[in-house]
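Colleague: Below is the file protein_36.pdb, which contains PDB, C-alpha atoms.
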```
MODEL        1
ATOM      1  CA  MET A   1       8.059 -20.977  -2.771
ATOM      2  CA  SER A   2       6.117 -18.339  -0.896
ATOM      3  CA  THR A   3       3.962 -15.712  -2.578
ATOM      4  CA  THR A   4       4.293 -12.083  -1.531
ATOM      5  CA  VAL A   5       1.639  -9.413  -2.084
ATOM      6  CA  VAL A   6       2.293  -5.699  -1.577
ATOM      7  CA  ILE A   7      -0.772  -3.519  -1.059
ATOM      8  CA  GLY A   8      -0.420   0.224  -1.564
ATOM      9  CA  PHE A   9      -2.459   2.318   0.841
ATOM     10  CA  GLU A  10      -3.450   5.969   1.079
ATOM     11  CA  PRO A  11      -5.939   7.103   3.720
ATOM     12  CA  SER A  12      -9.070   7.142   1.566
ATOM     13  CA  GLY A  13     -12.137   5.002   1.125
ATOM     14  CA  SER A  14     -10.909   3.727  -2.231
ATOM     15  CA  ALA A  15      -7.600   2.629  -0.729
ATOM     16  CA  ARG A  16      -9.433   0.695   1.971
ATOM     17  CA  ARG A  17     -11.376  -1.176  -0.713
ATOM     18  CA  ALA A  18      -8.110  -1.994  -2.494
ATOM     19  CA  CYS A  19      -6.662  -3.177   0.807
ATOM     20  CA  GLN A  20      -9.629  -5.442   1.490
ATOM     21  CA  ALA A  21      -9.432  -6.908  -2.021
ATOM     22  CA  GLY A  22      -5.682  -7.427  -1.701
ATOM     23  CA  VAL A  23      -5.961  -9.130   1.679
ATOM     24  CA  GLU A  24      -8.723 -11.435   0.416
ATOM     25  CA  LEU A  25      -6.633 -12.414  -2.609
ATOM     26  CA  ALA A  26      -3.515 -12.897  -0.478
ATOM     27  CA  LYS A  27      -5.446 -15.195   1.871
ATOM     28  CA  ARG A  28      -6.499 -17.342  -1.092
ATOM     29  CA  LEU A  29      -2.893 -17.511  -2.246
ATOM     30  CA  ASP A  30      -1.621 -18.090   1.308
ATOM     31  CA  ALA A  31       0.680 -15.142   0.632
ATOM     32  CA  GLN A  32       2.752 -12.874   2.813
ATOM     33  CA  ILE A  33       1.187  -9.399   2.938
ATOM     34  CA  HIS A  34       2.991  -6.064   3.039
ATOM     35  CA  LEU A  35       0.790  -2.980   3.479
ATOM     36  CA  VAL A  36       2.583   0.191   2.370
ATOM     37  CA  THR A  37       1.853   3.884   2.873
ATOM     38  CA  ALA A  38       4.025   6.922   2.274
ATOM     39  CA  PHE A  39       4.212  10.298   3.949
ATOM     40  CA  SER A  40       5.918  13.582   3.234
ATOM     41  CA  ASP A  41       7.787  15.178   6.093
ATOM     42  CA  GLY A  42      10.886  17.005   4.961
ATOM     43  CA  PRO A  43      14.525  16.073   4.429
ATOM     44  CA  ASP A  44      15.083  14.276   7.765
ATOM     45  CA  ALA A  45      11.895  12.186   7.545
ATOM     46  CA  ASP A  46      13.667   8.830   7.417
ATOM     47  CA  THR A  47      15.548   9.429  10.668
ATOM     48  CA  ARG A  48      13.143  11.440  12.853
ATOM     49  CA  ILE A  49       9.952  10.484  14.648
ATOM     50  CA  THR A  50       7.584  13.250  13.571
ATOM     51  CA  PRO A  51       3.838  13.789  13.905
ATOM     52  CA  GLU A  52       3.416  12.984  10.208
ATOM     53  CA  ARG A  53       5.289   9.683  10.634
ATOM     54  CA  ARG A  54       3.201   8.797  13.695
ATOM     55  CA  ARG A  55      -0.036   9.526  11.805
ATOM     56  CA  ALA A  56       1.083   7.366   8.872
ATOM     57  CA  GLU A  57       2.097   4.503  11.172
ATOM     58  CA  ARG A  58      -1.185   4.618  13.105
ATOM     59  CA  SER A  59      -3.155   4.827   9.869
ATOM     60  CA  VAL A  60      -1.498   1.844   8.181
ATOM     61  CA  GLU A  61      -1.668  -0.257  11.360
ATOM     62  CA  GLY A  62      -5.361   0.576  11.782
ATOM     63  CA  VAL A  63      -6.108  -0.333   8.182
ATOM     64  CA  ALA A  64      -4.209  -3.604   8.533
ATOM     65  CA  LEU A  65      -6.378  -4.496  11.501
ATOM     66  CA  SER A  66      -9.619  -3.416   9.799
ATOM     67  CA  CYS A  67      -8.766  -5.289   6.589
ATOM     68  CA  ASP A  68      -7.985  -8.452   8.498
ATOM     69  CA  PRO A  69      -9.487  -8.602  11.981
ATOM     70  CA  THR A  70      -8.753 -12.345  12.091
ATOM     71  CA  GLY A  71      -5.175 -11.546  13.062
ATOM     72  CA  ARG A  72      -3.377 -12.721   9.919
ATOM     73  CA  SER A  73       0.089 -11.310   9.945
ATOM     74  CA  ILE A  74       0.376  -8.183   7.821
ATOM     75  CA  THR A  75       3.711  -6.394   7.717
ATOM     76  CA  THR A  76       3.156  -2.645   7.668
ATOM     77  CA  HIS A  77       5.444  -0.031   6.139
ATOM     78  CA  ALA A  78       5.030   3.722   6.735
ATOM     79  CA  LEU A  79       7.888   5.345   4.860
ATOM     80  CA  PRO A  80       8.809   8.861   3.758
ATOM     81  CA  GLY A  81       8.576   9.592   0.059
ATOM     82  CA  ARG A  82       6.239   9.661  -2.895
ATOM     83  CA  THR A  83       3.489   7.060  -2.734
ATOM     84  CA  ALA A  84       4.096   5.235  -6.021
ATOM     85  CA  ALA A  85       7.884   5.149  -5.633
ATOM     86  CA  THR A  86       7.569   3.899  -2.057
ATOM     87  CA  ILE A  87       5.208   1.090  -3.099
ATOM     88  CA  VAL A  88       7.535   0.029  -5.925
ATOM     89  CA  ASP A  89      10.600   0.223  -3.653
ATOM     90  CA  VAL A  90       9.020  -2.039  -1.040
ATOM     91  CA  ALA A  91       7.806  -4.451  -3.734
ATOM     92  CA  THR A  92      11.322  -4.650  -5.153
ATOM     93  CA  ARG A  93      12.903  -5.119  -1.712
ATOM     94  CA  VAL A  94      10.531  -7.920  -0.642
ATOM     95  CA  GLU A  95      10.557  -9.515  -4.117
ATOM     96  CA  ALA A  96       6.786  -9.189  -4.444
ATOM     97  CA  ASP A  97       4.828 -11.337  -6.851
ATOM     98  CA  LEU A  98       1.929  -8.883  -6.987
ATOM     99  CA  ILE A  99       1.137  -5.261  -6.101
ATOM    100  CA  VAL A 100      -2.464  -4.255  -5.366
ATOM    101  CA  VAL A 101      -3.504  -0.586  -5.616
ATOM    102  CA  GLY A 102      -6.773   1.302  -5.984
ATOM    103  CA  ASN A 103      -7.598   3.654  -8.819
ATOM    104  CA  LYS A 104      -8.668   6.356  -6.336
ATOM    105  CA  GLY A 105     -11.952   6.998  -8.051
ATOM    106  CA  THR A 106     -10.874   9.001 -11.086
ATOM    107  CA  ARG A 107     -14.097   9.720 -12.973
ATOM    108  CA  GLY A 108     -15.237  10.524 -16.506
ATOM    109  CA  ALA A 109     -13.024  10.448 -19.580
ATOM    110  CA  ARG A 110      -9.867  10.616 -17.435
ATOM    111  CA  ARG A 111     -10.794   7.410 -15.606
ATOM    112  CA  VAL A 112      -8.089   5.169 -16.928
ATOM    113  CA  LEU A 113      -5.698   5.068 -13.984
ATOM    114  CA  GLY A 114      -5.033   7.462 -11.150
ATOM    115  CA  SER A 115      -1.579   8.993 -10.902
ATOM    116  CA  VAL A 116      -0.358   6.540  -8.233
ATOM    117  CA  ALA A 117      -1.777   3.480 -10.003
ATOM    118  CA  GLY A 118      -0.358   4.667 -13.315
ATOM    119  CA  ALA A 119       3.102   5.254 -11.865
ATOM    120  CA  VAL A 120       3.086   1.909 -10.040
ATOM    121  CA  THR A 121       2.117   0.005 -13.195
ATOM    122  CA  SER A 122       4.817   1.847 -15.165
ATOM    123  CA  HIS A 123       7.637   1.032 -12.740
ATOM    124  CA  SER A 124       6.567  -2.193 -11.039
ATOM    125  CA  PRO A 125       8.936  -5.147 -10.788
ATOM    126  CA  CYS A 126       5.939  -7.532 -10.835
ATOM    127  CA  ALA A 127       2.275  -7.856 -11.814
ATOM    128  CA  VAL A 128      -0.102  -5.128 -10.632
ATOM    129  CA  LEU A 129      -3.787  -5.474  -9.790
ATOM    130  CA  VAL A 130      -5.670  -2.182  -9.950
ATOM    131  CA  VAL A 131      -8.856  -2.464  -7.912
ATOM    132  CA  ASP A 132     -11.870  -0.554  -9.203
ATOM    133  CA  SER A 133     -12.579   1.514  -6.163
ATOM    134  CA  ALA A 134     -15.182   3.895  -7.558
TER     135      ALA A 134
ENDMDL
END
```
Could you write out this structure as structure tokens?
Modeller:
Amino acid sequence: MSTTVVIGFEPSGSARRACQAGVELAKRLDAQIHLVTAFSDGPDADTRITPERRRAERSVEGVALSCDPTGRSITTHALPGRTAATIVDVATRVEADLIVVGNKGTRGARRVLGSVAGAVTSHSPCAVLVVDSA
């Protein structure tokens, strides 16, 4: 049985740290890796090639390469929608065993979980690892 890890990504420093942690863990588990980002681009976003889609695709592909320059196969997903819902949807579709997300650096008394991490943990079909990215 193969292990599958989904890593949620937003273009921020904290997300890159979560990606690096997720890739390292996936390597140890010899797992398949799916790197997921979401973008917002209007009602036709899933059928049109738009500048926002292109930016998201380039971003997630660049992060995949920077997180694993050794060439390990990482499947990238740049999809329209809300970040947390998109991560959970991909995890459900690929039957993930684990989702890895960052906490996006929420500070002070509110530093429990960021909104994306909180939503992912609330709706996830599998275990979730929230990487301290502060």
Colleague: Step by step, work through what the PyMOL selection byres ((chain A and resi 8) around 6) selects in the shown file, and finish by giving those residues as a list of chain:residue names.
Modeller: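 Answer for the PyMOL selection byres ((chain A and resi 8) around 6): A:Ile7, A:Phe9, A:Val36, A:Ile87, A:Val101.
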Colleague: Which residues come within 9 Å of segment 24-28 of chain A, counting all atoms listed in the file, excluding same-chain residues fewer than 2 positions away, as a list of chain:residue names?
Modeller: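 Listing them by chain and then by number gives A:Thr3, A:Thr4, A:Val5, A:Cys19, A:Gln20, A:Ala21, A:Gly22, A:Asp30, A:Ala31, A:Gln32, A:Ile33, A:Cys67, A:Asp68, A:Arg72.
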Colleague: Ranking A:Val116, A:Leu35, A:Ser73, A:Leu79 by minimum distance to Arg53 of chain A and counting only C-alpha atoms, which one comes first?
Modeller: A:Leu79
Colleague: Need to verify the contact set: Thr86 of chain A, 10 Å, all atoms listed in the file, exclusion of same-chain residues closer than 6 positions in sequence. Can you return it as an MDAnalysis selection string?
Modeller: chainID A and resid 8 36:39 77:80 92 120
Colleague: Quick one: pull the distance between atom CA of His34 of chain A and atom CA of Thr76 of chain A, Å, one decimal.
Modeller: 5.8 Å
Colleague: Tell me which of A:Ile99, A:Ser2, A:Glu10, A:Leu65 sits closest to Val128 of chain A, counting only C-alpha atoms.
Modeller: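 That would be A:Ile99, the residue with the smallest distance to Val128 of chain A.
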Colleague: Counting all atoms listed in the file, which of A:Val100, A:Ala119, A:Val90, A:Val63 gets nearest to Ala18 of chain A?
Modeller: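 Of A:Val100, A:Ala119, A:Val90, A:Val63, the one nearest Ala18 of chain A, counting all atoms listed in the file, is A:Val100.
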Colleague: Hey, which of A:Ile49, A:Ala64, A:Ala117, A:Ala84 ends up closest to Ser133 of chain A? Count all atoms listed in the file.
Modeller: A:Ala117
Colleague: Would you compute, for all listed atoms of segment 24-40 of chain A, the axis-aligned bounding box grown by 6 Å on each side, and then report its centre and edge lengths in Å rounded to one decimal, as lines of an AutoDock Vina configuration file?
Modeller:
```
center_x = -1.4
center_y = -2.3
center_z = 0.7
size_x = 26.6
size_y = 43.7
size_z = 18.6
```
Colleague: For a test of reading the model, state the distance in Å between atom CA of Thr50 of chain A and atom CA of Ser124 of chain A, rounded to one decimal.
Modeller: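 Answer for the atom CA of Thr50 of chain A to atom CA of Ser124 of chain A separation: 29.1 Å.
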Colleague: Name the closest residue to Asp97 of chain A among the candidates A:Ala56, A:Ala85, A:Ala15, A:Cys126; distances are taken between atoms, counting all atoms listed in the file.
Modeller: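 Checking each candidate against Asp97 of chain A, we get A:Cys126 as the closest.
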Colleague: For C-alpha atoms, please extract segment 2-134 of chain A from the block and return it as a PDB file, in the first residue's frame.
Modeller:
```pdb
ATOM      1  CA  SER A   2       1.342   3.382  -1.008  1.00  0.00           C
ATOM      2  CA  THR A   3       1.273   6.434   1.240  1.00  0.00           C
ATOM      3  CA  THR A   4       0.027   9.737  -0.143  1.00  0.00           C
ATOM      4  CA  VAL A   5       0.844  13.151   1.325  1.00  0.00           C
ATOM      5  CA  VAL A   6      -0.934  16.344   0.268  1.00  0.00           C
ATOM      6  CA  ILE A   7       0.885  19.593   1.012  1.00  0.00           C
ATOM      7  CA  GLY A   8      -1.114  22.817   0.988  1.00  0.00           C
ATOM      8  CA  PHE A   9       0.757  25.799  -0.401  1.00  0.00           C
ATOM      9  CA  GLU A  10       0.203  29.549  -0.470  1.00  0.00           C
ATOM     10  CA  PRO A  11       2.922  31.857  -1.785  1.00  0.00           C
ATOM     11  CA  SER A  12       4.458  32.873   1.540  1.00  0.00           C
ATOM     12  CA  GLY A  13       7.572  32.069   3.497  1.00  0.00           C
ATOM     13  CA  SER A  14       5.602  30.044   6.029  1.00  0.00           C
ATOM     14  CA  ALA A  15       4.055  27.917   3.291  1.00  0.00           C
ATOM     15  CA  ARG A  16       7.499  27.174   1.883  1.00  0.00           C
ATOM     16  CA  ARG A  17       8.606  25.920   5.301  1.00  0.00           C
ATOM     17  CA  ALA A  18       5.520  23.694   5.475  1.00  0.00           C
ATOM     18  CA  CYS A  19       6.302  22.421   1.988  1.00  0.00           C
ATOM     19  CA  GLN A  20       9.887  21.590   2.912  1.00  0.00           C
ATOM     20  CA  ALA A  21       8.750  19.777   6.064  1.00  0.00           C
ATOM     21  CA  GLY A  22       6.092  17.872   4.128  1.00  0.00           C
ATOM     22  CA  VAL A  23       8.501  16.809   1.394  1.00  0.00           C
ATOM     23  CA  GLU A  24      11.071  15.640   3.957  1.00  0.00           C
ATOM     24  CA  LEU A  25       8.438  13.587   5.781  1.00  0.00           C
ATOM     25  CA  ALA A  26       7.081  12.167   2.520  1.00  0.00           C
ATOM     26  CA  LYS A  27      10.590  11.089   1.498  1.00  0.00           C
ATOM     27  CA  ARG A  28      10.971   9.205   4.785  1.00  0.00           C
ATOM     28  CA  LEU A  29       7.633   7.509   4.194  1.00  0.00           C
ATOM     29  CA  ASP A  30       8.427   6.885   0.511  1.00  0.00           C
ATOM     30  CA  ALA A  31       5.107   8.600  -0.175  1.00  0.00           C
ATOM     31  CA  GLN A  32       3.513  10.109  -3.238  1.00  0.00           C
ATOM     32  CA  ILE A  33       3.439  13.908  -2.932  1.00  0.00           C
ATOM     33  CA  HIS A  34       0.708  16.261  -4.116  1.00  0.00           C
ATOM     34  CA  LEU A  35       1.440  19.988  -3.770  1.00  0.00           C
ATOM     35  CA  VAL A  36      -1.756  22.057  -3.860  1.00  0.00           C
ATOM     36  CA  THR A  37      -2.419  25.772  -4.285  1.00  0.00           C
ATOM     37  CA  ALA A  38      -5.637  27.630  -4.989  1.00  0.00           C
ATOM     38  CA  PHE A  39      -6.387  30.829  -6.843  1.00  0.00           C
ATOM     39  CA  SER A  40      -9.382  33.080  -7.254  1.00  0.00           C
ATOM     40  CA  ASP A  41     -10.243  34.130 -10.771  1.00  0.00           C
ATOM     41  CA  GLY A  42     -13.959  34.459 -11.320  1.00  0.00           C
ATOM     42  CA  PRO A  43     -16.742  32.124 -12.413  1.00  0.00           C
ATOM     43  CA  ASP A  44     -14.987  30.642 -15.478  1.00  0.00           C
ATOM     44  CA  ALA A  45     -11.696  29.955 -13.668  1.00  0.00           C
ATOM     45  CA  ASP A  46     -11.836  26.182 -14.074  1.00  0.00           C
ATOM     46  CA  THR A  47     -12.135  26.362 -17.862  1.00  0.00           C
ATOM     47  CA  ARG A  48     -10.034  29.386 -18.883  1.00  0.00           C
ATOM     48  CA  ILE A  49      -6.296  29.965 -18.955  1.00  0.00           C
ATOM     49  CA  THR A  50      -5.980  33.295 -17.159  1.00  0.00           C
ATOM     50  CA  PRO A  51      -3.042  35.291 -15.808  1.00  0.00           C
ATOM     51  CA  GLU A  52      -4.030  34.302 -12.267  1.00  0.00           C
ATOM     52  CA  ARG A  53      -4.026  30.603 -13.216  1.00  0.00           C
ATOM     53  CA  ARG A  54      -0.636  30.957 -14.916  1.00  0.00           C
ATOM     54  CA  ARG A  55       0.826  32.675 -11.836  1.00  0.00           C
ATOM     55  CA  ALA A  56      -0.516  29.933  -9.556  1.00  0.00           C
ATOM     56  CA  GLU A  57       0.837  27.181 -11.818  1.00  0.00           C
ATOM     57  CA  ARG A  58       4.283  28.789 -12.060  1.00  0.00           C
ATOM     58  CA  SER A  59       4.337  29.384  -8.313  1.00  0.00           C
ATOM     59  CA  VAL A  60       3.446  25.821  -7.314  1.00  0.00           C
ATOM     60  CA  GLU A  61       5.835  24.328  -9.885  1.00  0.00           C
ATOM     61  CA  GLY A  62       8.652  26.582  -8.661  1.00  0.00           C
ATOM     62  CA  VAL A  63       8.010  25.636  -5.050  1.00  0.00           C
ATOM     63  CA  ALA A  64       7.947  21.946  -5.946  1.00  0.00           C
ATOM     64  CA  LEU A  65      11.363  22.315  -7.527  1.00  0.00           C
ATOM     65  CA  SER A  66      12.774  24.377  -4.641  1.00  0.00           C
ATOM     66  CA  CYS A  67      11.406  21.969  -2.019  1.00  0.00           C
ATOM     67  CA  ASP A  68      12.891  18.991  -3.804  1.00  0.00           C
ATOM     68  CA  PRO A  69      15.706  19.836  -6.205  1.00  0.00           C
ATOM     69  CA  THR A  70      16.659  16.143  -6.322  1.00  0.00           C
ATOM     70  CA  GLY A  71      13.905  15.582  -8.869  1.00  0.00           C
ATOM     71  CA  ARG A  72      11.531  13.450  -6.791  1.00  0.00           C
ATOM     72  CA  SER A  73       8.202  13.385  -8.499  1.00  0.00           C
ATOM     73  CA  ILE A  74       5.780  15.889  -7.004  1.00  0.00           C
ATOM     74  CA  THR A  75       2.346  16.207  -8.568  1.00  0.00           C
ATOM     75  CA  THR A  76       1.276  19.842  -8.587  1.00  0.00           C
ATOM     76  CA  HIS A  77      -2.281  21.161  -8.482  1.00  0.00           C
ATOM     77  CA  ALA A  78      -3.180  24.818  -9.137  1.00  0.00           C
ATOM     78  CA  LEU A  79      -6.954  24.971  -8.900  1.00  0.00           C
ATOM     79  CA  PRO A  80      -9.584  27.698  -8.631  1.00  0.00           C
ATOM     80  CA  GLY A  81     -11.337  28.038  -5.303  1.00  0.00           C
ATOM     81  CA  ARG A  82     -10.807  28.680  -1.628  1.00  0.00           C
ATOM     82  CA  THR A  83      -7.494  27.399  -0.311  1.00  0.00           C
ATOM     83  CA  ALA A  84      -8.718  25.123   2.486  1.00  0.00           C
ATOM     84  CA  ALA A  85     -11.547  23.606   0.437  1.00  0.00           C
ATOM     85  CA  THR A  86      -9.203  22.992  -2.491  1.00  0.00           C
ATOM     86  CA  ILE A  87      -6.655  21.233  -0.264  1.00  0.00           C
ATOM     87  CA  VAL A  88      -9.357  19.034   1.282  1.00  0.00           C
ATOM     88  CA  ASP A  89     -10.879  18.269  -2.137  1.00  0.00           C
ATOM     89  CA  VAL A  90      -7.546  17.117  -3.555  1.00  0.00           C
ATOM     90  CA  ALA A  91      -6.812  15.083  -0.412  1.00  0.00           C
ATOM     91  CA  THR A  92     -10.184  13.366  -0.724  1.00  0.00           C
ATOM     92  CA  ARG A  93      -9.731  12.709  -4.456  1.00  0.00           C
ATOM     93  CA  VAL A  94      -6.236  11.200  -4.100  1.00  0.00           C
ATOM     94  CA  GLU A  95      -7.170   9.339  -0.891  1.00  0.00           C
ATOM     95  CA  ALA A  96      -4.423  11.075   1.076  1.00  0.00           C
ATOM     96  CA  ASP A  97      -3.069   9.607   4.278  1.00  0.00           C
ATOM     97  CA  LEU A  98      -1.784  12.967   5.504  1.00  0.00           C
ATOM     98  CA  ILE A  99      -2.198  16.685   4.772  1.00  0.00           C
ATOM     99  CA  VAL A 100       0.616  19.096   5.663  1.00  0.00           C
ATOM    100  CA  VAL A 101      -0.124  22.826   6.049  1.00  0.00           C
ATOM    101  CA  GLY A 102       1.579  25.787   7.695  1.00  0.00           C
ATOM    102  CA  ASN A 103       0.041  27.937  10.389  1.00  0.00           C
ATOM    103  CA  LYS A 104       0.928  31.104   8.442  1.00  0.00           C
ATOM    104  CA  GLY A 105       2.541  32.781  11.395  1.00  0.00           C
ATOM    105  CA  THR A 106      -0.474  33.845  13.436  1.00  0.00           C
ATOM    106  CA  ARG A 107       0.983  35.550  16.509  1.00  0.00           C
ATOM    107  CA  GLY A 108       0.002  36.330  20.094  1.00  0.00           C
ATOM    108  CA  ALA A 109      -3.110  35.047  21.831  1.00  0.00           C
ATOM    109  CA  ARG A 110      -4.753  34.208  18.485  1.00  0.00           C
ATOM    110  CA  ARG A 111      -1.918  31.850  17.547  1.00  0.00           C
ATOM    111  CA  VAL A 112      -3.781  28.595  17.686  1.00  0.00           C
ATOM    112  CA  LEU A 113      -4.347  27.901  13.999  1.00  0.00           C
ATOM    113  CA  GLY A 114      -4.572  30.148  10.982  1.00  0.00           C
ATOM    114  CA  SER A 115      -7.840  30.223   9.073  1.00  0.00           C
ATOM    115  CA  VAL A 116      -6.652  27.807   6.355  1.00  0.00           C
ATOM    116  CA  ALA A 117      -5.083  25.367   8.824  1.00  0.00           C
ATOM    117  CA  GLY A 118      -8.170  25.521  11.025  1.00  0.00           C
ATOM    118  CA  ALA A 119     -10.531  24.868   8.124  1.00  0.00           C
ATOM    119  CA  VAL A 120      -8.372  22.026   6.791  1.00  0.00           C
ATOM    120  CA  THR A 121      -8.242  20.309  10.189  1.00  0.00           C
ATOM    121  CA  SER A 122     -12.019  20.712  10.564  1.00  0.00           C
ATOM    122  CA  HIS A 123     -12.875  19.139   7.205  1.00  0.00           C
ATOM    123  CA  SER A 124      -9.973  16.804   6.447  1.00  0.00           C
ATOM    124  CA  PRO A 125     -10.583  13.208   5.401  1.00  0.00           C
ATOM    125  CA  CYS A 126      -7.251  12.196   6.996  1.00  0.00           C
ATOM    126  CA  ALA A 127      -4.621  13.224   9.549  1.00  0.00           C
ATOM    127  CA  VAL A 128      -3.276  16.779   9.346  1.00  0.00           C
ATOM    128  CA  LEU A 129       0.192  17.999  10.291  1.00  0.00           C
ATOM    129  CA  VAL A 130       0.317  21.725  11.010  1.00  0.00           C
ATOM    130  CA  VAL A 131       3.892  22.944  10.664  1.00  0.00           C
ATOM    131  CA  ASP A 132       4.972  25.721  13.013  1.00  0.00           C
ATOM    132  CA  SER A 133       6.070  28.232  10.461  1.00  0.00           C
ATOM    133  CA  ALA A 134       6.587  31.267  12.677  1.00  0.00           C
TER     134      ALA A 134
END
```
